[in-house]
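data_32.cif (mmCIF, C-alpha atoms) appears below.
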```
data_coords
loop_
_atom_site.label_atom_id
_atom_site.label_comp_id
_atom_site.auth_asym_id
_atom_site.auth_seq_id
_atom_site.Cartn_x
_atom_site.Cartn_y
_atom_site.Cartn_z
CA MET C 16 201.93 -93.12 8.90
CA LEU C 17 205.66 -93.25 8.26
CA LYS C 18 207.49 -90.81 10.54
CA LEU C 19 210.62 -89.10 9.25
CA PRO C 20 211.29 -86.41 11.87
CA ASP C 21 214.83 -85.69 10.68
CA VAL C 22 214.03 -85.52 6.97
CA SER C 23 213.01 -82.33 5.17
CA LEU C 24 210.83 -82.57 2.06
CA ALA C 25 211.85 -80.04 -0.58
CA CYS C 26 210.81 -79.14 -4.10
CA LEU C 27 212.27 -76.35 -6.25
CA ASP C 28 209.84 -75.25 -8.97
CA THR C 29 209.13 -71.75 -10.28
CA ARG C 30 207.26 -72.86 -13.42
CA HIS C 31 204.61 -75.30 -12.19
CA PRO C 32 204.10 -74.73 -8.46
CA ASP C 33 200.56 -76.15 -8.52
CA LEU C 34 201.84 -79.45 -9.92
CA ALA C 35 204.62 -79.38 -7.33
CA VAL C 36 202.02 -78.97 -4.57
CA PHE C 37 200.09 -81.97 -5.90
CA ALA C 38 203.23 -84.11 -5.78
CA MET C 39 204.18 -82.85 -2.32
CA GLN C 40 200.69 -83.62 -1.05
CA ARG C 41 201.05 -87.18 -2.32
CA CYS C 42 204.19 -87.43 -0.19
CA LEU C 43 202.59 -85.81 2.85
CA ALA C 44 199.70 -88.27 2.66
CA GLN C 45 202.21 -91.09 3.12
CA ALA C 46 204.78 -89.71 5.56
CA HIS C 47 205.31 -87.09 8.25
CA PHE C 48 208.42 -84.96 7.65
CA ARG C 49 210.34 -82.46 9.72
CA GLU C 50 209.14 -79.81 7.25
CA ALA C 51 207.81 -79.52 3.72
CA ILE C 52 209.29 -76.65 1.71
CA LEU C 53 208.32 -75.45 -1.76
CA LEU C 54 210.89 -73.09 -3.26
CA THR C 55 209.01 -71.05 -5.82
CA VAL C 56 208.28 -67.54 -7.08
CA GLU C 57 207.52 -64.74 -4.66
CA GLY C 58 203.81 -64.17 -4.19
CA TYR C 59 202.75 -67.78 -4.60
CA VAL C 60 200.41 -68.72 -1.76
CA SER C 61 200.48 -72.28 -0.52
CA PRO C 62 197.05 -73.95 -0.74
CA ASP C 63 198.17 -76.41 1.96
CA PRO C 64 199.21 -75.17 5.43
CA ARG C 65 201.66 -78.08 5.70
CA ILE C 66 203.70 -76.71 2.80
CA ILE C 67 205.94 -73.74 3.58
CA ILE C 68 206.82 -71.37 0.74
CA HIS C 69 210.39 -70.09 0.39
CA PRO C 70 210.41 -67.37 -2.32
CA VAL C 71 213.27 -67.63 -4.81
CA ALA C 72 214.19 -65.94 -8.07
CA ARG C 73 212.49 -67.37 -11.13
CA LEU C 74 214.54 -70.13 -12.76
CA CYS C 75 215.18 -69.59 -16.45
CA SER C 76 216.86 -72.88 -17.31
CA MET C 77 217.84 -76.31 -16.07
CA ALA C 78 221.28 -74.83 -15.42
CA ASP C 79 219.67 -72.41 -12.95
CA TYR C 80 217.90 -75.32 -11.27
CA SER C 81 221.10 -77.34 -10.97
CA ALA C 82 223.12 -74.44 -9.59
CA PHE C 83 220.51 -73.77 -6.92
CA ILE C 84 220.20 -77.40 -5.88
CA ILE C 85 223.94 -77.85 -5.55
CA LYS C 86 224.95 -74.55 -3.99
CA LYS C 87 221.87 -73.07 -2.26
CA LEU C 88 219.51 -75.84 -1.17
CA GLY C 89 221.29 -76.37 2.15
CA GLY C 90 220.35 -72.89 3.32
CA HIS C 91 216.64 -73.66 3.05
CA VAL C 92 216.28 -77.01 4.85
CA GLY C 93 216.84 -77.95 8.48
CA GLY C 94 216.83 -81.74 8.51
CA SER C 95 219.76 -84.11 8.75
CA HIS C 96 218.56 -85.31 5.33
CA VAL C 97 216.39 -83.84 2.59
CA LEU C 98 214.11 -85.70 0.21
CA VAL C 99 214.48 -83.75 -3.02
CA MET C 100 211.52 -84.18 -5.35
CA GLN C 101 210.08 -82.66 -8.51
CA TRP C 102 206.54 -82.21 -9.80
CA ASP C 103 206.76 -85.57 -11.58
CA SER C 104 207.83 -87.61 -8.56
CA PHE C 105 206.40 -88.64 -5.21
CA ILE C 106 206.21 -91.42 -2.64
CA LEU C 107 204.55 -94.63 -3.84
CA ASP C 108 204.85 -97.08 -0.96
CA PRO C 109 205.80 -95.94 2.56
CA LEU C 110 206.17 -99.61 3.55
CA ALA C 111 209.18 -99.77 1.24
CA TRP C 112 211.06 -97.30 3.43
CA ASP C 113 214.22 -98.77 4.91
CA PRO C 114 216.01 -97.00 7.81
CA ALA C 115 219.25 -97.99 6.05
CA PHE C 116 218.45 -95.28 3.49
CA LEU C 117 219.61 -92.74 6.08
CA ASP C 118 223.01 -94.40 6.38
CA TYR C 119 224.06 -92.84 3.09
CA ASP C 120 224.65 -89.30 1.86
CA TYR C 121 223.07 -89.75 -1.58
CA LEU C 122 220.38 -92.13 -2.76
CA GLY C 123 218.50 -91.97 -6.06
CA ALA C 124 217.09 -94.28 -8.72
CA THR C 125 219.62 -96.28 -10.74
CA TRP C 126 220.80 -95.31 -14.20
CA PRO C 127 220.94 -98.51 -16.29
CA HIS C 128 223.08 -96.77 -18.93
CA ARG C 129 225.76 -95.33 -16.63
CA THR C 130 228.57 -96.46 -14.36
CA PRO C 131 228.32 -95.96 -11.46
CA PRO C 132 224.55 -96.55 -11.64
CA VAL C 133 223.37 -94.38 -8.68
CA GLY C 134 221.63 -92.10 -9.32
CA ASN C 135 218.81 -89.91 -10.44
CA GLY C 136 218.23 -86.60 -8.64
CA GLY C 137 214.53 -86.05 -9.42
CA PHE C 138 213.52 -88.11 -6.38
CA SER C 139 216.57 -88.40 -4.17
CA LEU C 140 217.60 -88.50 -0.53
CA ARG C 141 220.58 -86.32 0.40
CA SER C 142 222.34 -85.73 3.70
CA ARG C 143 223.25 -82.37 5.18
CA ARG C 144 226.84 -83.52 5.06
CA LEU C 145 226.53 -83.78 1.27
CA LEU C 146 224.90 -80.35 0.99
CA GLU C 147 227.81 -78.88 2.93
CA ALA C 148 230.42 -80.82 0.94
CA LEU C 149 228.99 -79.43 -2.30
CA GLN C 150 230.16 -75.98 -1.24
CA ASP C 151 233.71 -77.15 -2.04
CA GLN C 152 235.23 -74.47 -4.29
CA ASN C 153 236.53 -77.13 -6.67
CA ILE C 154 232.94 -78.08 -7.52
CA ARG C 155 232.32 -75.64 -10.35
CA GLU C 156 230.55 -77.62 -13.06
CA LEU C 157 226.92 -77.77 -11.93
CA GLN C 158 224.79 -78.98 -14.82
CA PRO C 159 223.06 -81.42 -14.70
CA GLU C 160 223.24 -81.53 -10.95
CA ASP C 161 222.76 -85.26 -10.41
CA TYR C 162 225.43 -86.14 -12.98
CA CYS C 163 227.86 -83.69 -11.38
CA ILE C 164 227.28 -85.12 -7.91
CA CYS C 165 227.21 -88.81 -8.80
CA GLU C 166 229.78 -88.97 -11.60
CA LEU C 167 231.82 -85.86 -12.24
CA TYR C 168 232.67 -85.09 -8.61
CA ARG C 169 232.00 -88.44 -7.00
CA GLU C 170 235.65 -89.30 -6.39
CA LEU C 171 236.31 -85.86 -4.92
CA LEU C 172 233.28 -86.08 -2.63
CA GLU C 173 234.23 -89.56 -1.44
CA ARG C 174 237.93 -88.87 -0.94
CA ARG C 175 237.89 -85.35 0.46
CA HIS C 176 234.58 -85.30 2.33
CA GLY C 177 233.84 -88.96 3.09
CA ILE C 178 230.54 -88.89 1.19
CA ARG C 179 228.83 -92.27 0.90
CA PHE C 180 226.74 -93.12 -2.15
CA ALA C 181 224.13 -95.84 -1.65
CA PRO C 182 224.75 -99.23 -3.29
CA GLU C 183 222.78 -100.24 -6.36
CA GLU C 184 220.61 -102.80 -4.54
CA LEU C 185 219.43 -100.22 -2.01
CA ALA C 186 218.79 -97.63 -4.72
CA GLN C 187 216.58 -100.09 -6.59
CA ARG C 188 214.39 -100.40 -3.52
CA PHE C 189 214.32 -96.64 -2.97
CA SER C 190 213.08 -95.40 -6.35
CA PHE C 191 212.84 -96.07 -10.07
CA GLU C 192 213.04 -93.90 -13.15
CA LEU C 193 214.55 -95.38 -16.34
CA ALA C 194 214.73 -98.98 -15.16
CA THR C 195 211.59 -101.11 -14.86
CA PRO C 196 210.90 -101.81 -11.17
CA HIS C 197 210.78 -105.46 -10.11
CA GLN C 198 209.66 -104.80 -6.55
CA ALA C 199 207.78 -102.21 -4.51
CA THR C 200 209.75 -98.97 -4.24
CA PHE C 201 209.51 -96.03 -1.88
CA GLY C 202 209.13 -93.58 -4.76
CA PHE C 203 209.67 -92.86 -8.45
CA HIS C 204 210.52 -90.11 -10.90
CA GLY C 205 209.34 -89.31 -14.41
CA LEU C 206 206.11 -88.29 -16.15
CA PHE C 207 206.48 -91.35 -18.39
CA ASN C 208 206.02 -93.51 -15.25
CA PHE C 209 202.68 -92.05 -14.20
CA HIS C 210 200.88 -95.13 -15.51
CA ARG C 211 202.59 -97.00 -12.66
CA ALA C 212 202.21 -94.22 -10.09
CA LEU C 213 198.52 -93.24 -10.27
CA PRO C 214 195.29 -95.21 -10.60
CA GLU C 215 193.57 -94.42 -13.89
CA ALA C 216 190.84 -92.29 -12.28
CA ASP C 217 193.44 -90.21 -10.43
CA LEU C 218 195.52 -89.84 -13.59
CA LEU C 219 192.51 -88.61 -15.56
CA ALA C 220 191.75 -86.02 -12.88
CA TRP C 221 195.41 -84.93 -12.78
CA LEU C 222 195.51 -84.46 -16.55
CA ASP C 223 192.79 -81.80 -16.26
CA HIS C 224 195.26 -79.54 -14.45
CA VAL C 225 198.38 -80.07 -16.56
CA PRO C 226 199.50 -77.19 -18.82
CA PRO C 227 199.24 -78.27 -22.49
CA PRO C 228 202.97 -77.74 -23.23
CA LEU C 229 203.83 -80.48 -20.74
CA LEU C 230 201.49 -82.90 -22.51
CA ARG C 231 203.21 -82.10 -25.81
CA SER C 232 206.64 -83.03 -24.46
CA MET C 233 208.67 -86.13 -25.30
CA GLN C 234 208.10 -87.45 -21.78
CA ALA C 235 204.34 -87.20 -22.36
CA ARG C 236 204.75 -89.11 -25.62
CA ARG C 237 206.52 -91.89 -23.75
CA LEU C 238 203.68 -91.89 -21.23
CA VAL C 239 201.13 -92.25 -24.04
CA LYS C 240 202.97 -95.28 -25.42
CA ASN C 241 203.15 -96.83 -21.95
CA LEU C 242 199.44 -96.20 -21.41
CA ILE C 243 198.57 -97.80 -24.74
CA ARG C 244 200.74 -100.82 -23.99
CA GLU C 245 199.11 -101.27 -20.57
CA GLY C 246 195.59 -100.83 -21.94
CA HIS C 247 194.80 -97.47 -20.29
CA THR C 248 192.96 -96.03 -23.26
CA ALA C 249 191.10 -93.15 -21.56
CA PRO C 250 194.15 -91.20 -20.30
CA ALA C 251 196.06 -92.00 -23.52
CA ARG C 252 193.21 -90.52 -25.55
CA LYS C 253 193.08 -87.45 -23.32
CA ILE C 254 196.77 -86.69 -23.86
CA LEU C 255 196.50 -87.33 -27.59
CA GLN C 256 193.65 -84.81 -27.84
CA VAL C 257 196.01 -82.14 -26.49
CA ARG C 258 198.89 -83.20 -28.72
CA ALA C 259 196.58 -83.14 -31.75
CA ARG C 260 196.09 -79.41 -31.21
CA GLY C 261 199.82 -78.71 -31.54
CA GLY C 262 201.93 -78.04 -34.62
CA LEU C 263 201.94 -80.14 -37.77
CA LYS C 264 204.60 -82.56 -36.52
CA LEU C 265 202.69 -83.12 -33.28
CA ARG C 266 199.39 -83.56 -35.12
CA LEU C 267 200.89 -86.20 -37.42
CA ASP C 268 202.45 -87.97 -34.47
CA ALA C 269 199.15 -87.87 -32.56
CA LEU C 270 197.45 -89.47 -35.58
CA LYS C 271 200.08 -92.22 -35.60
CA LEU C 272 199.68 -92.90 -31.88
CA SER C 273 195.90 -92.79 -32.20
CA SER C 274 196.17 -95.59 -34.76
CA LEU C 275 198.16 -97.63 -32.24
CA LEU C 276 195.50 -96.93 -29.64
CA ALA C 277 192.71 -98.04 -31.98
CA ALA C 278 194.58 -101.23 -32.82
CA ARG C 279 195.15 -101.94 -29.11
CA ARG C 280 191.43 -101.55 -28.43
CA LEU C 281 190.55 -103.78 -31.38
CA TRP C 282 192.71 -106.65 -30.14
CA SER C 283 192.00 -106.28 -26.42
#
```

I need this file expressed as structure tokens, please.
Amino acid sequence: MLKLPDVSLACLDTRHPDLAVFAMQRCLAQAHFREAILLTVEGYVSPDPRIIIHPVARLCSMADYSAFIIKKLGGHVGGSHVLVMQWDSFILDPLAWDPAFLDYDYLGATWPHRTPPVGNGGFSLRSRRLLEALQDQNIRELQPEDYCICELYRELLERRHGIRFAPEELAQRFSFELATPHQATFGFHGLFNFHRALPEADLLAWLDHVPPPLLRSMQARRLVKNLIREGHTAPARKILQVRARGGLKLRLDALKLSSLLAARRLWS
């Protein structure tokens, strides 16, 4: 098993802690960390003794999430680095780990539509030095947190605090999100990528525990289209059954996607 004794694993989630635990357990099955911390609502009991609960106030928005990650995360982790993850991200291939990842202060999946291209915060490696630098009083805009770190305040972080952002090539080997991966990566982020992250049987089992609103989201729609394209009809059908019980717009869209699914089955 991959040993990362100086890296903390951390997930902040007050809405879907059970899904966060699932994702954290996928990581813990692949690597040994200094600690594994789930920051969630008070009273939640960890079903896994490896996962330590840090109670936090309930988050009401993505702005709340971003503010916490930028300004408060450092007070909850003890490693020289922290692997920040969300319920829709986890480790895929521990053999893709490169010790050079730890040479940088921020490492996340590339953004093909932005310059600079690094990177996504949903599955990201951050140094303690970065967490401390983010306390700079000039860092006031906090939403979304990964954009603020990697674009809005990048020059300030580099110039004033010596923060090093990983190069694009290394980020592509670390994780993927919006860009199609062309090699094995250490991890990933995004519900719409679950067709690449879980075997079909595991995905079907996972779908049994997902709250219906998540399966009616735009990310879930993208996942359905990816599943249809890749020929995974069973999980696509399962998601569409949930979407078909939504409002009129969702029901009509589910009918449209079901037609695509039927056509895919006919020609496969």

Please provide as a PyMOL selection string all residues within 12 Å of Ala212 of chain C, with the sequence filter that same-chain residues fewer than 4 positions apart are discarded (counting all atoms listed in the file). chain C and resi 38+41+103-108+190-192+196+199-208+216-218+221+238+242

Pull out every residue that the PyMOL selection byres ((chain C and resi 59) around 10) matches in the shown coordinates and put them as JSON, numbers by chain. {"C": [29, 32, 33, 53, 54, 55, 56, 57, 58, 60, 61, 62, 68, 69, 70]}

Dump as a CSV table (one decimal), in the frame of the given file, selection limited to C-alpha atoms:
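Contents of the output file out-v2.csv:
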```csv
chain,number,residue,atom,x,y,z
C,29,THR,CA,209.1,-71.8,-10.3
C,32,PRO,CA,204.1,-74.7,-8.5
C,33,ASP,CA,200.6,-76.2,-8.5
C,53,LEU,CA,208.3,-75.4,-1.8
C,54,LEU,CA,210.9,-73.1,-3.3
C,55,THR,CA,209.0,-71.0,-5.8
C,56,VAL,CA,208.3,-67.5,-7.1
C,57,GLU,CA,207.5,-64.7,-4.7
C,58,GLY,CA,203.8,-64.2,-4.2
C,60,VAL,CA,200.4,-68.7,-1.8
C,61,SER,CA,200.5,-72.3,-0.5
C,62,PRO,CA,197.0,-74.0,-0.7
C,68,ILE,CA,206.8,-71.4,0.7
C,69,HIS,CA,210.4,-70.1,0.4
C,70,PRO,CA,210.4,-67.4,-2.3
```

Evaluate the PyMOL selection byres ((chain C and resi 161) around 9) here and jot the selected residues down as a PyMOL selection string. chain C and resi 81+85+134-137+157-160+162-166

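Shortest separation to Asp21 of chain C among C:Gln40, C:Ser142, C:Thr125, C:Thr130 occurs at residue C:Ser142, atoms counted being all atoms listed in the file.
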
Using only C-alpha atoms: which of C:Pro250, C:Ala269, C:Ala194, C:Pro228 has the shortest distance to Pro214 of chain C: C:Pro250

What does the PyMOL selection byres ((chain C and resi 180) around 10) select in this file, as an NGL selection string? :C and (118-123 or 131 or 133-134 or 141 or 145 or 164-165 or 169 or 172-173 or 177-179 or 181-183 or 186)

Compare C:Trp102, C:Asp113, C:Arg73, C:Ala46 by their minimum atom-to-atom distance to Cys26 of chain C, counting all atoms listed in the file, and give me the closest one. C:Trp102

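Residues lying at most 6 Å from (214.5, -87.6, -2.2) in file coordinates, with all atoms listed in the file considered, are Leu98, Val99, Met100, Phe138, Ser139 and Leu140 of chain C.
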
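In this model, the gap between atom CA of Trp112 of chain C and atom CA of Met16 of chain C comes to 11.4 Å.
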
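Of the residues under consideration (C:Leu222, C:Val257, C:Leu193, C:Ile243), C:Ile243 shows the shortest atom-to-atom contact distance to Arg279 of chain C when counting all atoms listed in the file.
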
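Comparing the minimum interatomic distances between Lys86 of chain C and each of C:Gln150, C:Gln45, C:Gln101, C:Ser274, counting all atoms listed in the file, we find that C:Gln150 sits nearest.
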
In terms of the shortest atom-to-atom distance over all atoms listed in the file, which of C:Ile254, C:Leu24, C:Val92, C:His47 is closest to Glu147 of chain C? C:Val92
